Amino acid sequence: MLSDPIVALATPPGRSALALIRLSGRGAFDVAARALHPFHPDPPRTVRRVHVVHPTTGAAVDDALAACFPGPRSYTGEDLVELSTHGGLLVPAAAVAALVVAGARPARPGEFTRRAVLNGKLDLLQAEATADLIDAGSSAQARRALHQLDRGLSTRLDELRRELLELEALIAYEIDFPDEDEGPVAPERVVRAWRAVRDRIARLVDTASEGERLREGALLVIAGRPNAGKSSLFNALLGTERAIVTEVPGTTRDAVEAHAVLEGFPFRLVDTAGLRDSDDRIERLGIEVSRKYLAAADLVLFCEDQGAGSGERDPHRREQFLSQVTAAVVFVHTKSDLEPPSVGPTVPPTVAVSVVTGQGLADLRRKLAEVAFGRLLAVGDVEPVVTRARHRSALERALAEVDAFHAARGSGVDAAAAATHLRAAVGALDDLIGVVTPEDVLDRVFASFCVGK
Ligand SMILES: Nc1nc2c(ncn2[C@@H]2O[C@H](COP(=O)(O)OP(=O)(O)OP(=O)(O)O)[C@@H](O)[C@H]2O)c(=O)[nH]1
Ligand SMILES: [Mg+2]
């Protein structure tokens, strides 16, 4: 295993009060001793003041603070030094350069965390959670990442793994004594245990689509007739005047996309060109783009103009529109300040909004979060959810094996052969946690990490 000393800036370069540099690997303390004076690794985990100097020229670089974390009690599991220097562009870079001259190699992206995984300090799910926490653009994502970093998902997988092994133990007698008619364990008990573990895996798989949305943002496409007030609503949800608004129908020609956090959940909002038959070539192209977005949407916000004549709210046109959309649709009646919405329930259920008075906007935000992330809201912050395609495919593999186990039992396959499916399911969970992780999986997981993490 590669454990040569590596060094990197863990904070972003730029104007700041402080910068943090990490140095890790075998011989890290010797490297540090060449560039930090005076250098004492003892007592460990204690911050001491040091002069940073260039090892060959002796030029002063900075006055800094250093703390030593002897392995295995460190982030990476190796000997590790954390050096807080002054911030800015020059000083941290010069300090890193001094440590390179002293014998360390510049770290690759995610290399510290990768070593933490290889040394058993973090499992693969925690490493992913580390990246998610850093990248989190919404409070919901940050909470999720923290939960996963805290082994929320890992613990659930440990439990599932144990249940699978217990299930295997239940049929152990049949494996050892294949010719006996009746084992000590009633078949119903095996079925019960099978169903319990299968349901738990299936529930986890069910969280995947919304879990992945949490990382990427739910694609929310705002659609409707020209002049319905789509761009106005887009701006209101965004909180800035991003899209052009005019009283001229057909103002928006191109799709405008922006990131927004609604009720703590991440969304990618898309304003689109109003849908209508048009002779204008540019507008037609815009409408084509709208349709592409609609096909990819997680959620569609369908705007109908309150103030417009009945032609604008033509149920036939609405149905025609809906027949082209597979995503969930939220209906809004716009411009509610102009014409108060009719009292009583509407079909379909509709939120009345006005960007002039702000009426209905809070309700709309809540509704959007509910529709896009309802399952996550329902499971709360305590239950684990899965957030990556990697998680989903491993769990689906485990589920398929568990079901194959049940099918094999049902068709009279001998117990030992049926048990191989349980073993394969355990293997899928092990891959997910990263018990034995091949290099290429690690490469993929760490590809998106920043340097110094
Ligand atoms: N009174 C009132 N006027 C609104 C409201 N929302 C939008 N409008 C007006 O309606 C007109 C059209 O608004 P836009 O947001 O440009 O409508 P759009 O659906 O994006 O239109 P296109 O891009 O042409 O498809 C503008 O004159 C807006 O000022 C509202 O809540 N109340
Ligand atoms: Mg518009």
# chains A, B, ... in the order shown; residues from 1 in each chain; ligands from 1
call {"tool": "select_by_dssp", "arguments": {"residues": "range 254-403 of chain A", "states": "strand (DSSP E or B)", "output": "ChimeraX atom specification"}}
result
/A:256-262,265-271,299-305,328-334,350-352
call {"tool": "closest_atom_pairs", "arguments": {"of": "chain A", "to": "ligand 1", "cutoff": "7 Å", "atoms": "only C-alpha atoms and all ligand atoms", "output": "CSV"}}
result
residue,atom,partner,partner_atom_place_in_ligand_line,distance
A:Gly224,CA,ligand 1,19 (O),6.7
A:Arg225,CA,ligand 1,25 (O),6.0
A:Pro226,CA,ligand 1,25 (O),3.2
A:Asn227,CA,ligand 1,21 (O),3.3
A:Ala228,CA,ligand 1,19 (O),3.8
A:Gly229,CA,ligand 1,17 (O),3.3
A:Lys230,CA,ligand 1,19 (O),3.7
A:Ser231,CA,ligand 1,20 (O),3.6
A:Ser232,CA,ligand 1,15 (O),3.6
A:Leu233,CA,ligand 1,15 (O),6.5
A:Ile244,CA,ligand 1,16 (O),6.5
A:Val245,CA,ligand 1,16 (O),3.6
A:Thr246,CA,ligand 1,16 (O),4.6
A:Glu247,CA,ligand 1,27 (O),3.4
A:Val248,CA,ligand 1,24 (O),5.9
A:Pro249,CA,ligand 1,24 (O),3.7
A:Gly250,CA,ligand 1,24 (O),3.3
A:Thr251,CA,ligand 1,24 (O),3.7
A:Thr252,CA,ligand 1,23 (O),3.6
A:Arg253,CA,ligand 1,23 (O),7.0
A:Ala273,CA,ligand 1,25 (O),5.1
A:Gly274,CA,ligand 1,25 (O),3.6
A:Thr334,CA,ligand 1,31 (O),5.6
A:Lys335,CA,ligand 1,31 (O),3.4
A:Ser336,CA,ligand 1,31 (O),6.1
A:Asp337,CA,ligand 1,32 (N),5.7
A:Leu338,CA,ligand 1,1 (N),5.4
A:Val353,CA,ligand 1,31 (O),6.4
A:Ser354,CA,ligand 1,31 (O),3.4
A:Val355,CA,ligand 1,31 (O),3.9
A:Val356,CA,ligand 1,31 (O),5.0
call {"tool": "residues_around", "arguments": {"residues": "Val100 in chain A", "least_positions_apart": "3", "cutoff": "10 Å", "atoms": "only C-alpha atoms", "output": "list of chain:residue names"}}
result
A:Pro5, A:Ile6, A:Val7, A:Ala8, A:Leu23, A:Val31, A:Ala32, A:Ala35, A:His54, A:Pro55, A:Ala94, A:Ala95, A:Val96, A:Ala97, A:Gly103, A:Ala104, A:Arg105, A:Pro106
call {"tool": "select_by_dssp", "arguments": {"residues": "range 86-205 of chain A", "states": "alpha helix (DSSP H)", "output": "PyMOL selection string"}}
result
chain A and resi 90-101+111-118+124-135+139-149+152-170+172-176+187-205
call {"tool": "residues_around", "arguments": {"residues": "Thr57 in chain A", "least_positions_apart": "2", "cutoff": "12 Å", "atoms": "only C-alpha atoms", "output": "ChimeraX atom specification"}}
result
/A:34-35,52-55,59-61,98,101-102
call {"tool": "write_last_selection", "arguments": {"atoms": "N, CA and C atoms", "output": "PDB file, in the first residue's frame"}}
result
ATOM      1  N   ARG A  34      12.295  18.945   8.811  1.00  0.00           N
ATOM      2  CA  ARG A  34      13.217  19.671   7.934  1.00  0.00           C
ATOM      3  C   ARG A  34      12.718  21.070   7.600  1.00  0.00           C
ATOM      4  N   ALA A  35      11.408  21.307   7.741  1.00  0.00           N
ATOM      5  CA  ALA A  35      10.868  22.614   7.334  1.00  0.00           C
ATOM      6  C   ALA A  35      10.232  23.386   8.481  1.00  0.00           C
ATOM      7  N   VAL A  52       8.180  28.287   9.848  1.00  0.00           N
ATOM      8  CA  VAL A  52       8.269  27.505   8.608  1.00  0.00           C
ATOM      9  C   VAL A  52       9.427  28.088   7.814  1.00  0.00           C
ATOM     10  N   VAL A  53      10.359  27.218   7.450  1.00  0.00           N
ATOM     11  CA  VAL A  53      11.515  27.686   6.678  1.00  0.00           C
ATOM     12  C   VAL A  53      11.741  26.793   5.469  1.00  0.00           C
ATOM     13  N   HIS A  54      12.333  27.366   4.448  1.00  0.00           N
ATOM     14  CA  HIS A  54      12.693  26.565   3.277  1.00  0.00           C
ATOM     15  C   HIS A  54      13.864  25.668   3.672  1.00  0.00           C
ATOM     16  N   PRO A  55      13.791  24.352   3.475  1.00  0.00           N
ATOM     17  CA  PRO A  55      14.810  23.450   4.010  1.00  0.00           C
ATOM     18  C   PRO A  55      16.203  23.680   3.431  1.00  0.00           C
ATOM     19  N   ALA A  59      15.314  30.186   4.036  1.00  0.00           N
ATOM     20  CA  ALA A  59      14.491  31.396   4.007  1.00  0.00           C
ATOM     21  C   ALA A  59      13.233  31.227   4.849  1.00  0.00           C
ATOM     22  N   ALA A  60      12.900  32.290   5.601  1.00  0.00           N
ATOM     23  CA  ALA A  60      11.699  32.224   6.432  1.00  0.00           C
ATOM     24  C   ALA A  60      10.452  32.279   5.557  1.00  0.00           C
ATOM     25  N   VAL A  61       9.481  31.417   5.855  1.00  0.00           N
ATOM     26  CA  VAL A  61       8.241  31.381   5.077  1.00  0.00           C
ATOM     27  C   VAL A  61       7.070  31.948   5.873  1.00  0.00           C
ATOM     28  N   ALA A  98       7.845  24.264   0.585  1.00  0.00           N
ATOM     29  CA  ALA A  98       8.925  23.931   1.520  1.00  0.00           C
ATOM     30  C   ALA A  98       8.808  22.471   1.957  1.00  0.00           C
ATOM     31  N   VAL A 101      10.019  20.242  -0.858  1.00  0.00           N
ATOM     32  CA  VAL A 101      11.485  20.193  -0.880  1.00  0.00           C
ATOM     33  C   VAL A 101      11.981  19.300   0.258  1.00  0.00           C
ATOM     34  N   ALA A 102      11.247  19.317   1.374  1.00  0.00           N
ATOM     35  CA  ALA A 102      11.648  18.513   2.538  1.00  0.00           C
ATOM     36  C   ALA A 102      11.374  17.022   2.338  1.00  0.00           C
TER      37      ALA A 102
END
call {"tool": "residues_around", "arguments": {"residues": "range 145-159 of chain A", "least_positions_apart": "5", "cutoff": "9 Å", "atoms": "only C-alpha atoms", "output": "short mmCIF file (atom, residue, chain, number, x, y, z; two decimals) with C-alpha atoms, in the first residue's frame"}}
result
data_model
loop_
_atom_site.label_atom_id
_atom_site.label_comp_id
_atom_site.auth_asym_id
_atom_site.auth_seq_id
_atom_site.Cartn_x
_atom_site.Cartn_y
_atom_site.Cartn_z
CA LEU A 122 -13.59 5.41 7.27
CA ASP A 123 -15.69 3.07 5.20
CA LEU A 125 -19.89 5.33 2.46
CA GLN A 126 -18.35 7.68 4.99
CA ALA A 127 -15.78 8.79 2.43
CA GLU A 128 -18.59 9.59 0.00
CA ALA A 129 -20.43 11.40 2.77
CA THR A 130 -17.33 13.52 3.37
CA ALA A 131 -17.43 14.67 -0.25
CA ASP A 132 -21.19 15.24 -0.06
CA LEU A 133 -20.86 17.34 3.07
CA ILE A 134 -18.27 19.54 1.39
CA ALA A 136 -23.70 20.27 0.00
CA ALA A 140 -31.19 18.81 3.62
CA LEU A 164 -28.76 -12.29 5.95
CA ILE A 201 -33.57 -3.73 1.52
CA ASP A 381 -33.54 12.47 9.34
CA VAL A 382 -33.09 9.34 11.42
CA GLU A 383 -33.69 6.65 8.82
CA PRO A 384 -30.86 6.13 6.36
CA VAL A 385 -31.35 6.82 2.67
CA VAL A 386 -29.15 6.08 -0.31
CA LEU A 429 -23.57 -5.15 0.73
CA ASP A 430 -19.87 -5.61 1.39
CA LEU A 432 -21.27 -1.06 -0.92
CA ILE A 433 -19.61 -0.47 2.43
#
